[in-house]
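Text of the file upload-v5.txt, holding compact mmCIF, C-alpha atoms:
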# COMPACT_ATOMS: atom_id res chain seq x y z
CA MET A 1 0.00 0.00 0.00
CA PRO A 2 2.72 2.59 0.76
CA ALA A 3 4.27 1.99 -2.67
CA GLN A 4 0.92 2.47 -4.39
CA SER A 5 0.26 5.69 -2.45
CA ALA A 6 3.67 6.98 -3.55
CA ILE A 7 2.81 6.23 -7.15
CA ARG A 8 -0.47 8.12 -6.88
CA THR A 9 1.33 11.30 -5.86
CA GLU A 10 3.03 11.42 -9.28
CA SER A 11 1.66 13.77 -11.91
CA VAL A 12 0.62 12.22 -15.18
CA GLY A 13 1.85 15.16 -17.28
CA PRO A 14 5.56 14.92 -16.38
CA LEU A 15 5.41 11.14 -16.75
CA LEU A 16 4.06 11.45 -20.29
CA ARG A 17 6.59 14.13 -21.14
CA SER A 18 9.45 11.97 -19.87
CA TRP A 19 8.35 9.09 -22.09
CA ARG A 20 7.97 11.36 -25.10
CA GLU A 21 11.46 12.75 -24.57
CA ARG A 22 12.84 9.25 -23.93
CA ARG A 23 11.51 8.26 -27.36
CA GLY A 24 12.98 11.39 -28.96
CA ARG A 25 9.58 12.57 -30.20
CA SER A 26 8.28 16.14 -30.51
CA GLN A 27 4.88 17.26 -29.23
CA LEU A 28 3.83 17.94 -32.82
CA ASP A 29 4.87 14.49 -33.99
CA VAL A 30 3.11 12.67 -31.15
CA SER A 31 -0.04 14.77 -31.27
CA ILE A 32 -0.48 14.13 -35.01
CA ALA A 33 0.18 10.39 -34.64
CA ALA A 34 -2.24 10.12 -31.68
CA ASP A 35 -4.88 12.30 -33.38
CA LEU A 36 -4.71 15.04 -30.73
CA SER A 37 -4.14 18.75 -30.98
CA THR A 38 -0.69 19.96 -30.02
CA ARG A 39 -2.32 22.35 -27.57
CA HIS A 40 -4.17 19.48 -25.87
CA LEU A 41 -0.97 17.46 -25.50
CA SER A 42 0.85 20.51 -24.18
CA TYR A 43 -1.89 21.12 -21.60
CA VAL A 44 -1.71 17.47 -20.51
CA GLU A 45 2.07 17.56 -20.09
CA THR A 46 1.99 20.79 -18.09
CA GLY A 47 -0.87 19.63 -15.86
CA ARG A 48 -3.38 22.16 -17.18
CA SER A 49 -5.58 19.33 -18.49
CA THR A 50 -6.28 15.86 -17.11
CA PRO A 51 -6.29 13.29 -19.92
CA GLY A 52 -9.16 10.87 -20.31
CA ARG A 53 -8.43 7.17 -20.29
CA GLY A 54 -8.84 6.98 -24.06
CA VAL A 55 -6.25 9.70 -24.55
CA LEU A 56 -3.83 7.88 -22.26
CA ASP A 57 -4.38 4.69 -24.24
CA LYS A 58 -3.54 6.46 -27.51
CA LEU A 59 -0.45 8.12 -26.13
CA ALA A 60 0.81 4.95 -24.43
CA ASP A 61 0.40 3.02 -27.68
CA GLU A 62 2.13 5.69 -29.73
CA LEU A 63 5.05 5.97 -27.30
CA GLU A 64 5.31 2.18 -26.89
CA ILE A 65 5.17 2.43 -23.12
CA PRO A 66 5.56 -0.94 -21.32
CA LEU A 67 2.51 -2.22 -19.45
CA ARG A 68 4.09 -1.74 -16.01
CA GLU A 69 4.66 1.94 -16.78
CA ARG A 70 1.19 2.29 -18.29
CA ASN A 71 -0.25 1.26 -14.94
CA ARG A 72 1.78 4.08 -13.35
CA LEU A 73 0.26 6.52 -15.83
CA TYR A 74 -3.28 5.38 -15.07
CA LEU A 75 -2.71 5.69 -11.32
CA ALA A 76 -1.15 9.13 -11.71
CA ALA A 77 -4.20 10.24 -13.68
CA GLY A 78 -6.58 8.88 -11.04
CA TYR A 79 -7.62 5.69 -12.83
CA ALA A 80 -7.32 2.06 -11.79
CA PRO A 81 -4.43 0.09 -13.32
CA ALA A 82 -5.49 -1.60 -16.55
CA TYR A 83 -3.13 -4.57 -16.56
CA PRO A 84 -2.82 -7.36 -13.96
CA GLU A 85 0.51 -8.80 -12.87
CA ARG A 86 0.35 -12.54 -12.23
CA PRO A 87 3.20 -14.79 -11.08
CA PHE A 88 4.85 -16.76 -13.89
CA ALA A 89 3.39 -19.98 -12.47
CA ASP A 90 -0.13 -18.57 -12.90
CA LEU A 91 0.13 -17.62 -16.57
CA GLY A 92 -1.68 -20.73 -17.76
CA ALA A 93 -1.44 -21.26 -21.51
CA ALA A 94 1.33 -18.67 -21.82
CA ARG A 95 3.47 -20.50 -19.27
CA GLU A 96 2.80 -23.77 -21.08
CA ALA A 97 3.90 -22.11 -24.33
CA VAL A 98 7.17 -21.02 -22.71
CA GLU A 99 7.81 -24.51 -21.41
CA ALA A 100 6.96 -26.03 -24.81
CA VAL A 101 9.51 -23.78 -26.51
CA LEU A 102 12.20 -24.62 -23.96
CA THR A 103 11.61 -28.37 -24.16
CA GLY A 104 11.21 -28.38 -27.92
CA HIS A 105 14.49 -26.52 -28.37
CA GLU A 106 16.57 -29.32 -26.86
CA PRO A 107 19.37 -30.36 -27.35
CA ASN A 108 20.11 -26.64 -27.74
CA PRO A 109 20.08 -24.37 -24.65
CA ALA A 110 17.10 -22.10 -24.01
CA LEU A 111 15.84 -20.12 -21.04
CA ALA A 112 13.14 -17.63 -20.11
CA VAL A 113 13.92 -14.44 -18.20
CA ASP A 114 12.02 -11.41 -16.95
CA VAL A 115 12.85 -7.79 -17.74
CA ARG A 116 15.54 -7.73 -15.01
CA TRP A 117 17.15 -10.86 -16.45
CA GLU A 118 16.01 -13.02 -13.55
CA LEU A 119 15.60 -16.65 -14.51
CA LEU A 120 12.05 -17.97 -14.84
CA ALA A 121 12.66 -21.34 -16.49
CA ALA A 122 15.38 -23.19 -18.41
CA ASN A 123 15.70 -26.43 -20.34
CA ARG A 124 18.21 -29.13 -19.43
CA PRO A 125 21.02 -27.98 -21.77
CA ALA A 126 20.81 -24.44 -20.36
CA GLN A 127 20.79 -25.72 -16.79
CA SER A 128 23.88 -27.82 -17.45
CA MET A 129 25.83 -24.72 -18.53
CA PHE A 130 25.49 -23.27 -15.03
CA THR A 131 26.18 -26.36 -12.93
CA ASP A 132 29.82 -25.54 -12.12
CA ILE A 133 29.50 -21.90 -11.06
CA ALA A 134 29.62 -20.47 -7.54
CA PRO A 135 26.57 -21.35 -5.41
CA HIS A 136 25.92 -17.71 -4.45
CA LEU A 137 25.16 -16.94 -8.09
CA LEU A 138 22.50 -19.64 -8.13
CA GLU A 139 20.55 -18.36 -5.14
CA PRO A 140 17.06 -17.23 -6.23
CA PRO A 141 16.35 -15.01 -7.94
CA VAL A 142 19.11 -16.05 -10.34
CA ASN A 143 20.24 -13.21 -12.57
CA VAL A 144 21.33 -14.83 -15.83
CA LEU A 145 23.66 -12.04 -16.94
CA ARG A 146 25.36 -11.89 -13.54
CA ALA A 147 25.78 -15.68 -13.53
CA THR A 148 27.25 -15.48 -17.03
CA LEU A 149 29.73 -12.60 -16.66
CA HIS A 150 30.65 -12.68 -12.95
CA PRO A 151 34.22 -13.88 -12.21
CA ASP A 152 32.70 -16.74 -10.18
CA GLY A 153 30.26 -17.56 -12.97
CA LEU A 154 30.79 -18.55 -16.59
CA ALA A 155 33.34 -15.78 -17.21
CA PRO A 156 36.47 -18.01 -16.91
CA ARG A 157 35.00 -20.29 -19.59
CA ILE A 158 33.94 -17.57 -22.06
CA ARG A 159 36.54 -17.45 -24.83
CA ASN A 160 35.43 -14.07 -26.19
CA PHE A 161 34.62 -12.45 -22.84
CA THR A 162 35.48 -8.83 -23.72
CA ARG A 163 33.48 -8.75 -26.92
CA TRP A 164 30.56 -10.62 -25.40
CA ARG A 165 30.44 -8.44 -22.29
CA ASP A 166 30.52 -5.29 -24.42
CA HIS A 167 27.65 -6.65 -26.48
CA VAL A 168 25.63 -7.50 -23.36
CA VAL A 169 26.26 -4.07 -21.78
CA ARG A 170 25.04 -2.34 -24.95
CA ARG A 171 22.00 -4.58 -25.01
CA VAL A 172 21.11 -3.77 -21.39
CA SER A 173 21.57 -0.06 -22.15
CA ARG A 174 19.09 -0.28 -25.01
CA GLN A 175 16.70 -2.20 -22.79
CA LEU A 176 17.01 0.47 -20.09
CA SER A 177 16.16 3.17 -22.62
CA ARG A 178 13.14 1.21 -23.80
CA THR A 179 11.73 0.22 -20.40
CA ALA A 180 13.04 2.76 -17.83
CA ILE A 181 13.53 -0.07 -15.29
CA PRO A 182 15.98 1.46 -12.76
CA GLU A 183 17.49 -1.90 -11.77
CA LEU A 184 18.81 -2.26 -15.32
CA ARG A 185 21.08 0.76 -14.84
CA GLU A 186 22.59 -0.86 -11.76
CA LEU A 187 22.95 -4.18 -13.55
CA ARG A 188 24.57 -2.56 -16.61
CA ASP A 189 27.12 -0.73 -14.47
CA GLU A 190 27.89 -3.88 -12.49
CA LEU A 191 28.45 -5.95 -15.63
CA ALA A 192 30.66 -3.27 -17.19
CA ALA A 193 32.89 -3.26 -14.09
CA TYR A 194 33.61 -7.00 -14.05
CA PRO A 195 37.30 -7.79 -14.61
CA VAL A 196 38.46 -9.40 -17.81
CA PRO A 197 39.71 -12.98 -17.30
CA ALA A 198 43.46 -13.41 -17.78
CA HIS A 199 42.95 -15.81 -20.68
CA ASP A 200 40.80 -13.39 -22.68
CA ALA A 201 42.27 -11.86 -25.81
CA ALA A 202 41.29 -8.29 -26.64
CA ASP A 203 39.31 -9.35 -29.67
CA GLY A 204 38.46 -12.96 -28.79
CA PRO A 205 37.53 -15.60 -31.36
CA ALA A 206 36.61 -14.10 -34.70
CA ALA A 207 32.95 -13.56 -35.41
CA ASN A 208 31.51 -15.52 -38.29
CA ASP A 209 29.86 -13.81 -41.24
CA LEU A 210 26.39 -14.04 -39.66
CA ALA A 211 26.62 -12.79 -36.09
CA MET A 212 28.99 -12.76 -33.15
CA PRO A 213 28.65 -16.04 -31.23
CA LEU A 214 29.03 -16.68 -27.53
CA VAL A 215 31.98 -19.06 -27.28
CA VAL A 216 32.01 -21.14 -24.09
CA ALA A 217 34.46 -23.83 -23.10
CA SER A 218 32.97 -27.13 -21.94
CA ALA A 219 34.40 -30.45 -20.81
CA HIS A 220 33.66 -31.75 -24.30
CA GLY A 221 35.04 -28.83 -26.31
CA ASP A 222 34.23 -25.24 -27.17
CA LEU A 223 30.59 -24.38 -27.85
CA SER A 224 29.94 -21.57 -30.33
CA LEU A 225 26.38 -20.30 -29.92
CA LEU A 226 24.15 -17.81 -31.72
CA TYR A 227 21.01 -16.58 -29.98
CA THR A 228 17.55 -15.28 -30.78
CA THR A 229 15.03 -13.57 -28.52
CA THR A 230 11.30 -14.31 -28.53
CA VAL A 231 8.62 -12.21 -26.83
CA PHE A 232 4.85 -12.53 -26.66
CA GLY A 233 2.77 -10.43 -29.02
CA SER A 234 -0.12 -8.30 -27.70
CA PRO A 235 0.28 -9.11 -23.99
CA PHE A 236 -2.31 -7.88 -21.47
CA ASP A 237 -0.42 -8.98 -18.36
CA VAL A 238 2.61 -7.15 -16.93
CA THR A 239 4.55 -10.36 -16.29
CA LEU A 240 3.89 -11.65 -19.79
CA ASP A 241 4.89 -8.29 -21.28
CA GLU A 242 8.28 -8.60 -19.58
CA ILE A 243 9.12 -12.22 -20.49
CA ALA A 244 11.79 -12.98 -23.08
CA ILE A 245 12.80 -16.45 -24.25
CA GLU A 246 16.49 -16.67 -25.13
CA THR A 247 17.14 -19.55 -27.51
CA PHE A 248 20.67 -20.56 -28.48
CA PHE A 249 21.65 -22.29 -31.71
CA PRO A 250 24.92 -23.92 -32.77
CA ALA A 251 27.02 -21.52 -34.84
CA ASP A 252 28.94 -24.38 -36.47
CA ALA A 253 28.71 -28.10 -37.14
CA VAL A 254 31.14 -28.98 -34.35
CA THR A 255 28.92 -27.28 -31.75
CA ALA A 256 25.82 -28.99 -33.13
CA THR A 257 27.49 -32.38 -32.76
CA LEU A 258 28.71 -31.58 -29.25
CA LEU A 259 25.27 -30.43 -28.08
CA ARG A 260 23.67 -33.64 -29.33
CA ALA A 261 26.34 -35.74 -27.63
CA MET A 262 26.03 -33.82 -24.36
CA ALA A 263 22.25 -34.26 -24.44
CA ASP A 264 22.67 -38.02 -24.85
CA LEU A 265 24.90 -38.06 -21.76
CA THR A 266 22.26 -36.31 -19.62
CA VAL A 267 19.25 -38.38 -20.71
CA PRO A 268 18.15 -40.63 -17.81
CA SER A 269 18.78 -44.30 -18.51
Go ahead and express the file in the form of structure tokens.
Amino acid sequence: MPAQSAIRTESVGPLLRSWRERRGRSQLDVSIAADLSTRHLSYVETGRSTPGRGVLDKLADELEIPLRERNRLYLAAGYAPAYPERPFADLGAAREAVEAVLTGHEPNPALAVDVRWELLAANRPAQSMFTDIAPHLLEPPVNVLRATLHPDGLAPRIRNFTRWRDHVVRRVSRQLSRTAIPELRELRDELAAYPVPAHDAADGPAANDLAMPLVVASAHGDLSLLYTTTVFGSPFDVTLDEIAIETFFPADAVTATLLRAMADLTVPS
């Protein structure tokens, strides 16, 4: 309750203006796209006019505001939040879809994370990649990026640590700009400050002609992995809006063979 009361003391106008500026949009541009007069939008941003719920809906859509932040807007304007936030376990068909993707992606690694990169679910190949890291990195909630780049995590086994960390830091920065989640700023700064392992070369293994892979040493040989990110379309739940499924694919034939062999070793007899 105290947190909700604090949210209600916010003014909707400055919140909207901050999102418009975050997106690099002018009042004229946004007002035309949202079918509003520039004067109306100006009055809303300065607090001279209270926007109706329909106006908020239009502006939130046009500015691509995440559902969590849309609820803040509604509260600041005096309306009830529009979007529920259920635990991952209570997402029903959506949770089953996540689990189907993870299981179906085997023998390749795949995992689901929330907007703060906290682990929600992982398939067996992904779990096996984190079995030999420090226990403190596996205490819930597990932050996947911290477990990957921390000196006590996967970092000593990442062949192209510098290049991969730089890529991850840029990715988190873009995510911070898109979502305004304050914890992402702290996470980005923490990741950027991690030391480079002694074995890491400045450039690391060469990227192929498709994309830069994550190259991780394993007991069976080096794994070279490309990744894709999947999100749900048209979510109406805050949790679902913030879920991403990270699926890894072999970047070469050697990795594909190794992943199949490693999967055979972990299948219960």
Distance of atom CA of Ser11 of chain A from atom CA of Arg70 of chain A, expressed in Å to one decimal place: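 Taking atom CA of Arg70 of chain A and atom CA of Ser11 of chain A, their separation equals 13.1 Å.
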Long-range neighbours of segment 182-199 of chain A as a list in words, 8 Å cut-off, all atoms listed in the file, 5 positions minimum in chain: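 Listing them by chain and then by number gives Arg116, Leu145, Arg146, Leu149, His150, Pro151, Ala155, Pro156, Arg159, Phe161, Thr162, Arg165, Asp166, Val169, Val172, Ser173, Gln175 and Leu176 of chain A.
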Arg22 of chain A environment, 12 Å, only C-alpha atoms, sequence neighbours closer than 4 positions dropped, as a list in words: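 Once the nearby chain positions are removed, what remains is Pro14, Leu15, Leu16, Arg17, Ser18, Ser26, Leu63, Glu64, Ile65, Arg174, Leu176, Ser177, Arg178, Thr179 and Ala180 of chain A.
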Residue among A:Gly153, A:Pro213, A:Pro109, A:Gly233 lying closest to Phe130 of chain A, counting all atoms listed in the file: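 Closest to Phe130 of chain A, using all atoms listed in the file: A:Gly153.
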Which residue of A:Val216, A:Val98, A:Leu210, A:Leu137 approaches Glu246 of chain A most closely, using all atoms listed in the file: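 Checking each of A:Val216, A:Val98, A:Leu210, A:Leu137 against Glu246 of chain A, counting all atoms listed in the file, the winner is A:Val98.
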d(atom CA of Arg39 of chain A, atom CA of Leu59 of chain A) in Å: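 Separation of atom CA of Arg39 of chain A and atom CA of Leu59 of chain A: 14.4 Å.
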Atom CA of Thr257 of chain A to atom CA of Leu111 of chain A, straight-line distance in Å: 20.6 Å
Residue nearest Ser234 of chain A among A:Leu75, A:Ile32, A:Leu67, A:Val115 (counting all atoms listed in the file):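 Smallest separation from Ser234 of chain A among the options: A:Leu67.
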